[in-house]
$ cat final.cif   # mmCIF, C-alpha atoms
data_target
loop_
_atom_site.label_atom_id
_atom_site.label_comp_id
_atom_site.auth_asym_id
_atom_site.auth_seq_id
_atom_site.Cartn_x
_atom_site.Cartn_y
_atom_site.Cartn_z
CA GLY A 375 0.00 0.00 0.00
CA GLN A 376 0.91 3.67 -0.12
CA GLN A 377 3.76 4.66 2.17
CA LEU A 378 5.21 7.93 3.30
CA ASN A 379 8.96 8.33 3.35
CA GLN A 380 9.91 10.15 6.51
CA SER A 381 13.42 11.35 7.23
CA PRO A 382 15.61 11.35 9.10
CA GLN A 383 14.92 8.15 11.00
CA SER A 384 16.63 9.52 14.09
CA MET A 385 18.28 12.70 15.29
CA PHE A 386 20.60 13.46 18.19
CA ILE A 387 20.84 17.17 18.92
CA GLN A 388 21.89 19.58 21.63
CA GLU A 389 19.36 21.58 23.57
CA GLY A 390 18.71 24.88 21.84
CA GLU A 391 19.32 23.61 18.32
CA ASP A 392 16.71 23.72 15.61
CA VAL A 393 15.32 20.50 14.11
CA SER A 394 13.85 19.75 10.71
CA MET A 395 12.19 16.58 9.45
CA ASN A 396 10.16 15.85 6.36
CA CYS A 397 7.88 13.42 4.62
CA THR A 398 7.52 12.71 0.94
CA SER A 399 5.16 10.66 -1.13
CA SER A 400 4.78 9.59 -4.73
CA SER A 401 1.05 10.32 -4.52
CA ILE A 402 -0.88 13.51 -3.93
CA PHE A 403 -2.22 14.10 -0.43
CA ASN A 404 -4.97 16.51 0.60
CA THR A 405 -4.19 16.50 4.30
CA TRP A 406 -0.96 16.34 6.27
CA LEU A 407 -0.85 15.81 10.02
CA TRP A 408 2.13 15.80 12.35
CA TYR A 409 2.04 13.84 15.61
CA LYS A 410 4.39 13.34 18.55
CA GLN A 411 4.42 10.10 20.50
CA ASP A 412 5.98 9.63 23.92
CA PRO A 413 6.94 6.12 25.10
CA GLY A 414 3.90 4.08 26.09
CA GLU A 415 1.47 6.75 24.95
CA GLY A 416 -0.68 7.36 21.93
CA PRO A 417 0.29 9.97 19.33
CA VAL A 418 -0.67 13.56 20.08
CA LEU A 419 -1.63 15.86 17.23
CA LEU A 420 0.78 18.77 16.81
CA ILE A 421 -0.20 20.45 13.57
CA ALA A 422 -2.77 19.83 10.84
CA LEU A 423 -2.39 21.10 7.27
CA TYR A 424 -5.15 21.15 4.67
CA LYS A 425 -4.02 23.35 1.77
CA ALA A 426 -1.05 23.19 -0.55
CA GLY A 427 1.50 25.80 0.47
CA GLU A 428 -0.05 26.23 3.90
CA LEU A 429 2.42 27.20 6.61
CA THR A 430 1.22 26.75 10.18
CA SER A 431 2.89 27.34 13.53
CA ASN A 432 2.19 25.96 16.98
CA GLY A 433 4.56 27.57 19.46
CA ARG A 434 8.10 26.53 18.51
CA LEU A 435 6.75 24.15 15.86
CA THR A 436 6.23 25.10 12.23
CA ALA A 437 4.95 22.83 9.51
CA GLN A 438 4.30 23.33 5.82
CA PHE A 439 2.16 21.56 3.24
CA GLY A 440 4.30 21.29 0.11
CA THR A 441 3.09 23.05 -3.02
CA THR A 442 3.25 19.82 -5.01
CA ARG A 443 0.98 18.21 -2.36
CA LYS A 444 3.46 15.35 -2.16
CA ASP A 445 5.52 16.48 0.81
CA SER A 446 5.51 18.23 4.15
CA PHE A 447 8.09 19.32 6.68
CA LEU A 448 8.12 20.00 10.40
CA ASN A 449 10.55 22.36 12.08
CA ILE A 450 11.19 22.64 15.80
CA SER A 451 13.07 25.74 16.91
CA ALA A 452 15.18 26.09 20.06
CA SER A 453 14.73 22.47 21.11
CA ILE A 454 14.30 21.56 24.77
CA PRO A 455 14.66 18.20 26.54
CA SER A 456 10.89 17.59 26.59
CA ASP A 457 10.88 17.58 22.77
CA VAL A 458 12.27 14.05 23.01
CA GLY A 459 9.99 11.50 21.40
CA ILE A 460 8.96 9.99 18.10
CA TYR A 461 7.48 12.30 15.50
CA PHE A 462 5.18 10.92 12.83
CA CYS A 463 3.83 12.49 9.72
CA ALA A 464 0.50 11.22 8.47
CA GLY A 465 -1.34 11.97 5.31
CA ARG A 466 -4.68 11.43 3.69
CA GLN A 467 -4.63 10.73 -0.04
CA ALA A 468 -6.63 12.84 -2.43
CA GLY A 469 -9.58 11.00 -3.87
CA GLY A 470 -9.35 8.21 -1.33
CA THR A 471 -12.44 6.15 -0.67
CA SER A 472 -11.57 5.37 2.93
CA TYR A 473 -12.69 8.54 4.59
CA GLY A 474 -10.44 9.42 7.49
CA LYS A 475 -7.91 6.67 6.80
CA LEU A 476 -4.38 7.91 7.27
CA THR A 477 -1.04 6.72 5.96
CA PHE A 478 1.83 7.13 8.42
CA GLY A 479 5.50 7.81 7.95
CA GLN A 480 8.08 5.58 9.60
CA GLY A 481 8.72 8.10 12.36
CA THR A 482 11.66 10.25 13.43
CA ILE A 483 13.18 9.48 16.83
CA LEU A 484 14.38 12.72 18.39
CA THR A 485 16.91 12.79 21.24
CA VAL A 486 17.83 16.11 22.84
CA HIS A 487 20.93 16.35 24.99
CA PRO A 488 20.79 18.97 27.77
CA GLY B 739 -8.24 19.08 21.15
CA ALA B 740 -10.78 16.31 21.40
CA VAL B 741 -10.26 13.59 24.01
CA VAL B 742 -10.13 9.89 23.24
CA SER B 743 -9.99 7.54 26.21
CA GLN B 744 -8.57 4.06 25.83
CA HIS B 745 -8.79 1.38 28.50
CA PRO B 746 -6.98 -0.51 29.86
CA SER B 747 -3.53 1.05 29.55
CA TRP B 748 -1.87 -2.30 29.93
CA VAL B 749 -2.97 -5.89 30.31
CA ILE B 750 -1.20 -9.17 30.94
CA CYS B 751 -3.07 -12.34 30.08
CA LYS B 752 -2.52 -16.04 29.67
CA SER B 753 -2.29 -17.61 26.27
CA GLY B 754 -5.70 -18.72 25.04
CA THR B 755 -7.72 -16.09 26.86
CA SER B 756 -9.54 -13.16 25.28
CA VAL B 757 -8.88 -9.50 25.98
CA LYS B 758 -11.19 -6.56 25.35
CA ILE B 759 -9.90 -3.03 24.78
CA GLU B 760 -12.24 -0.05 24.88
CA CYS B 761 -11.95 3.21 23.00
CA ARG B 762 -14.23 6.10 23.91
CA SER B 763 -14.59 9.58 22.45
CA LEU B 764 -15.32 11.68 25.51
CA ASP B 765 -16.43 15.04 24.14
CA PHE B 766 -17.47 14.31 20.58
CA GLN B 767 -19.30 11.73 18.52
CA ALA B 768 -17.20 9.49 16.33
CA THR B 769 -18.93 7.64 13.52
CA THR B 770 -15.57 6.22 12.55
CA MET B 771 -12.80 4.89 14.74
CA PHE B 772 -9.57 3.19 13.76
CA TRP B 773 -7.53 0.49 15.44
CA TYR B 774 -3.76 0.31 15.05
CA ARG B 775 -1.00 -1.98 16.16
CA GLN B 776 2.49 -0.74 16.88
CA PHE B 777 5.74 -2.58 17.53
CA PRO B 778 8.59 -0.92 19.43
CA LYS B 779 10.14 2.01 17.56
CA GLN B 780 8.01 1.33 14.52
CA SER B 781 5.18 3.18 12.88
CA LEU B 782 1.49 2.54 13.40
CA MET B 783 -0.07 -0.23 11.35
CA LEU B 784 -3.76 0.18 10.64
CA MET B 785 -5.64 -2.97 11.53
CA ALA B 786 -9.24 -2.01 10.88
CA THR B 787 -11.73 0.78 10.46
CA SER B 788 -14.62 0.67 12.89
CA ASN B 789 -17.91 2.11 11.67
CA GLU B 790 -20.78 2.82 14.03
CA GLY B 791 -23.69 0.52 13.38
CA SER B 792 -22.01 -1.56 10.71
CA LYS B 793 -19.29 -4.13 10.26
CA ALA B 794 -15.67 -3.13 10.59
CA THR B 795 -13.42 -2.97 7.56
CA TYR B 796 -10.23 -4.96 8.08
CA GLU B 797 -6.90 -4.34 6.42
CA GLN B 798 -5.33 -7.06 4.35
CA GLY B 799 -3.72 -9.72 6.50
CA VAL B 800 -5.71 -8.93 9.66
CA GLU B 801 -7.90 -11.81 10.82
CA LYS B 802 -11.39 -10.54 11.54
CA ASP B 803 -12.25 -13.57 13.66
CA LYS B 804 -9.14 -13.00 15.72
CA PHE B 805 -9.60 -9.28 16.26
CA LEU B 806 -13.29 -8.65 16.88
CA ILE B 807 -14.43 -5.05 16.59
CA ASN B 808 -17.72 -3.68 17.84
CA HIS B 809 -18.81 -0.07 17.39
CA ALA B 810 -22.21 -0.08 19.02
CA SER B 811 -22.50 3.62 19.78
CA LEU B 812 -21.17 6.94 18.52
CA THR B 813 -18.74 7.16 21.43
CA LEU B 814 -17.51 3.61 21.95
CA SER B 815 -15.60 1.05 19.92
CA THR B 816 -14.14 -2.15 21.33
CA LEU B 817 -11.40 -4.44 20.09
CA THR B 818 -11.38 -7.99 21.41
CA VAL B 819 -8.30 -10.10 20.88
CA THR B 820 -9.64 -13.65 20.94
CA SER B 821 -7.62 -16.68 21.98
CA ALA B 822 -4.57 -14.53 22.50
CA HIS B 823 -1.11 -15.91 21.75
CA PRO B 824 2.30 -14.49 22.65
CA GLU B 825 2.72 -13.17 19.10
CA ASP B 826 -0.31 -10.95 19.73
CA SER B 827 1.71 -9.05 22.33
CA SER B 828 1.93 -5.50 21.10
CA PHE B 829 0.88 -1.90 21.66
CA TYR B 830 -2.67 -1.31 20.40
CA ILE B 831 -3.91 2.21 19.75
CA CYS B 832 -7.30 3.51 18.73
CA SER B 833 -8.17 6.78 17.08
CA ALA B 834 -11.39 8.62 16.43
CA ARG B 835 -12.34 11.01 13.70
CA ALA B 836 -13.61 14.35 14.95
CA GLN B 837 -15.28 16.32 12.23
CA GLY B 838 -15.14 20.06 12.60
CA LYS B 839 -16.80 22.77 10.60
CA ALA B 840 -14.31 22.78 7.77
CA ASN B 841 -11.80 20.04 8.31
CA GLU B 842 -11.46 16.81 10.17
CA LYS B 843 -8.83 15.69 12.59
CA LEU B 844 -7.86 12.35 13.99
CA PHE B 845 -7.25 12.00 17.72
CA PHE B 846 -5.63 9.04 19.41
CA GLY B 847 -6.18 7.15 22.61
CA SER B 848 -3.29 6.60 24.99
CA GLY B 849 -2.76 3.02 23.84
CA THR B 850 -2.94 -0.43 25.43
CA GLN B 851 0.16 -2.54 25.98
CA LEU B 852 -0.85 -6.20 25.70
CA SER B 853 1.45 -8.90 26.98
CA VAL B 854 0.41 -12.50 26.41
CA LEU B 855 2.24 -15.07 28.51
#
$ encode --input "final.cif" --output "C-alpha cells"
Amino acid sequence: GQQLNQSPQSMFIQEGEDVSMNCTSSSIFNTWLWYKQDPGEGPVLLIALYKAGELTSNGRLTAQFGTTRKDSFLNISASIPSDVGIYFCAGRQAGGTSYGKLTFGQGTILTVHP
Amino acid sequence: GAVVSQHPSWVICKSGTSVKIECRSLDFQATTMFWYRQFPKQSLMLMATSNEGSKATYEQGVEKDKFLINHASLTLSTLTVTSAHPEDSSFYICSARAQGKANEKLFFGSGTQLSVL
C-alpha cells in the first residue's frame, strides 16, 4: 500500500538547536498531520495542514504543506529536553475512498541532549 | 483538542484467553474509529476501520475472527483479541475522527500494551 517516506529516521541534537524533518510521497495528499508520540502513549496531534503551500505554527513548531501536495516538513526551533519523542507524519490521499484513513510515515526518533 | 480515552492502559493475560480493549470519544461523537498496532520504535499499522452501526473494515492480513471489533454507539468502539497468543503481544492504539466545521482531525487514545504469557 501507499507509504510515506519520513526522514531522518533519528536525530541526536543539543538543547537549543533547531530541528527539521520531512515526509515525501509519490502520490498527492490533501491532508498532512504531524504527531508526537511519547513512550507508552498514543500519538498527540501537533499540527494539521489542509491546503497546498499552507504554513502553520504551533509555538516553537512550524509545519508546511508542500506546493506539489506530495511532501511536508516539520521544524522545531530552540529544542528543549521535553521535545524528546517519536514524531510521525501522516497523510490522507486525495480521492481516497476510505474517509479518514491515514497513511503514516516511519517516524523520526528525536533525542535532545541537555 | 478532542479527548479519546482508551482502557486498559496495559494488560497481561494467559495464552488462550480473550482480551477486550475499549476506545471512547469523551467530548465528541465518532462515527468512525480506527484500530492500530504498533511494535517498538516502529510506525502505526492500521488494523481495521470501525464504523458505528455496521461491520468493521479490516486491512489485508488482519484476521477478523481474531480481532473482533464492535462499534455499538457513537462514542464507543471495542477491540477484542480472541484466543490470544504471545505473538499478539503489542501496543494497540485507537483513534477517532472528529469532524469540525471545515476540516477533520484524527485524535488518538493513549494506547494499550498487551502482553500475552
$ atom_distance --input "final.cif" --atom1 "CA of Ala422 (chain A)" --atom2 "CA of Gln776 (chain B)"
22.1 Å
$ residues_around --input "final.cif" --residues "Gly427 (chain A)" --least-positions-apart "2" --cutoff "12 Å" --atoms "all atoms listed in the file" --output "list in words"
Asn404, Thr405, Trp406, Leu423, Tyr424, Lys425, Leu429, Thr430, Ala437, Gln438, Phe439, Gly440, Thr441, Thr442, Arg443, Lys444, Asp445, Ser446 and Phe447 of chain A
$ interface_residues --input "final.cif" --of "chain A" --to "chain B" --cutoff "8 Å" --atoms "all atoms listed in the file" --output "NGL selection string"
:A and (414-419 or 422 or 424 or 462 or 474-475 or 478-481)
$ resolve_selection --input "final.cif" --expression "the PyMOL selection byres ((chain B and resi 800-817) around 6)" --output "list in words"
Lys758, Ile759, Glu760, Cys761, Arg762, Ser763, Gln767, Ala768, Thr769, Glu790, Gly791, Glu797, Gln798, Gly799, Thr818, Val819 and Thr820 of chain B
$ write_last_selection --input "final.cif" --atoms "C-alpha atoms" --output "compact mmCIF listing (two decimals), keeping the file's coordinate frame"
# COMPACT_ATOMS: atom_id res chain seq x y z
CA LYS B 758 -11.19 -6.56 25.35
CA ILE B 759 -9.90 -3.03 24.78
CA GLU B 760 -12.24 -0.05 24.88
CA CYS B 761 -11.95 3.21 23.00
CA ARG B 762 -14.23 6.10 23.91
CA SER B 763 -14.59 9.58 22.45
CA GLN B 767 -19.30 11.73 18.52
CA ALA B 768 -17.20 9.49 16.33
CA THR B 769 -18.93 7.64 13.52
CA GLU B 790 -20.78 2.82 14.03
CA GLY B 791 -23.69 0.52 13.38
CA GLU B 797 -6.90 -4.34 6.42
CA GLN B 798 -5.33 -7.06 4.35
CA GLY B 799 -3.72 -9.72 6.50
CA THR B 818 -11.38 -7.99 21.41
CA VAL B 819 -8.30 -10.10 20.88
CA THR B 820 -9.64 -13.65 20.94
$ resolve_selection --input "final.cif" --expression "the PyMOL selection byres ((chain A and resi 385) around 6)" --output "list of chain:residue names"
A:Ser384, A:Phe386, A:Leu484
$ write_last_selection --input "final.cif" --atoms "C-alpha atoms" --output "PDB file, in the coordinates of the input"
ATOM      1  CA  SER A 384      16.630   9.520  14.090  1.00  0.00           C
ATOM      2  CA  PHE A 386      20.600  13.460  18.190  1.00  0.00           C
ATOM      3  CA  LEU A 484      14.380  12.720  18.390  1.00  0.00           C
TER       4      LEU A 484
END
$ residues_around --input "final.cif" --residues "Ser394 (chain A)" --least-positions-apart "2" --cutoff "12 Å" --atoms "all atoms listed in the file" --output "ChimeraX atom specification"
/A:380-387,391-392,396-397,434-438,446-453,461,482-484
$ atom_distance --input "final.cif" --atom1 "CA of Gln377 (chain A)" --atom2 "CA of Val741 (chain B)"
27.4 Å
$ resolve_selection --input "final.cif" --expression "the PyMOL selection byres ((chain B and resi 826) around 8)" --output "count of residues only"
9
$ build_atoms --input "final.cif" --residues "region 761-786 of chain B" --atoms "N, CA and C atoms" --output "short mmCIF file (atom, residue, chain, number, x, y, z; two decimals), in the coordinates of the input"
data_model
loop_
_atom_site.label_atom_id
_atom_site.label_comp_id
_atom_site.auth_asym_id
_atom_site.auth_seq_id
_atom_site.Cartn_x
_atom_site.Cartn_y
_atom_site.Cartn_z
N CYS B 761 -12.35 1.90 23.50
CA CYS B 761 -11.95 3.21 23.00
C CYS B 761 -13.18 4.12 23.01
N ARG B 762 -13.09 5.20 23.77
CA ARG B 762 -14.23 6.10 23.91
C ARG B 762 -13.86 7.52 23.48
N SER B 763 -14.74 8.15 22.74
CA SER B 763 -14.59 9.58 22.45
C SER B 763 -15.40 10.30 23.53
N LEU B 764 -14.69 11.13 24.31
CA LEU B 764 -15.32 11.68 25.51
C LEU B 764 -16.14 12.94 25.26
N ASP B 765 -15.73 13.77 24.31
CA ASP B 765 -16.43 15.04 24.14
C ASP B 765 -16.87 15.26 22.71
N PHE B 766 -16.97 14.19 21.94
CA PHE B 766 -17.47 14.31 20.58
C PHE B 766 -17.99 12.95 20.12
N GLN B 767 -18.78 12.97 19.08
CA GLN B 767 -19.30 11.73 18.52
C GLN B 767 -18.41 11.30 17.37
N ALA B 768 -18.12 10.03 17.33
CA ALA B 768 -17.20 9.49 16.33
C ALA B 768 -17.91 8.38 15.55
N THR B 769 -18.32 8.68 14.34
CA THR B 769 -18.93 7.64 13.52
C THR B 769 -17.89 6.65 13.03
N THR B 770 -16.65 7.09 13.02
CA THR B 770 -15.57 6.22 12.55
C THR B 770 -14.42 6.22 13.55
N MET B 771 -13.99 5.04 13.91
CA MET B 771 -12.80 4.89 14.74
C MET B 771 -11.85 3.92 14.06
N PHE B 772 -10.59 4.02 14.38
CA PHE B 772 -9.57 3.19 13.76
C PHE B 772 -8.77 2.46 14.84
N TRP B 773 -8.36 1.25 14.51
CA TRP B 773 -7.53 0.49 15.44
C TRP B 773 -6.18 0.21 14.77
N TYR B 774 -5.12 0.48 15.54
CA TYR B 774 -3.76 0.31 15.05
C TYR B 774 -2.99 -0.64 15.96
N ARG B 775 -1.93 -1.17 15.38
CA ARG B 775 -1.00 -1.98 16.16
C ARG B 775 0.38 -1.38 15.94
N GLN B 776 1.17 -1.34 16.99
CA GLN B 776 2.49 -0.74 16.88
C GLN B 776 3.52 -1.59 17.61
N PHE B 777 4.62 -1.90 16.91
CA PHE B 777 5.74 -2.58 17.53
C PHE B 777 6.76 -1.54 17.95
N PRO B 778 7.64 -1.90 18.89
CA PRO B 778 8.59 -0.92 19.43
C PRO B 778 9.37 -0.18 18.35
N LYS B 779 9.39 1.12 18.45
CA LYS B 779 10.14 2.01 17.56
C LYS B 779 9.71 1.87 16.10
N GLN B 780 8.51 1.42 15.88
CA GLN B 780 8.01 1.33 14.52
C GLN B 780 6.76 2.19 14.37
N SER B 781 6.34 2.34 13.15
CA SER B 781 5.18 3.18 12.88
C SER B 781 3.89 2.43 13.21
N LEU B 782 2.79 3.13 13.11
CA LEU B 782 1.49 2.54 13.40
C LEU B 782 1.00 1.76 12.17
N MET B 783 0.50 0.58 12.41
CA MET B 783 -0.07 -0.23 11.35
C MET B 783 -1.58 -0.29 11.53
N LEU B 784 -2.31 0.20 10.54
CA LEU B 784 -3.76 0.18 10.64
C LEU B 784 -4.25 -1.26 10.55
N MET B 785 -5.08 -1.63 11.53
CA MET B 785 -5.64 -2.97 11.53
C MET B 785 -7.04 -2.97 10.90
N ALA B 786 -7.85 -2.01 11.33
CA ALA B 786 -9.24 -2.01 10.88
C ALA B 786 -9.88 -0.66 11.10
#
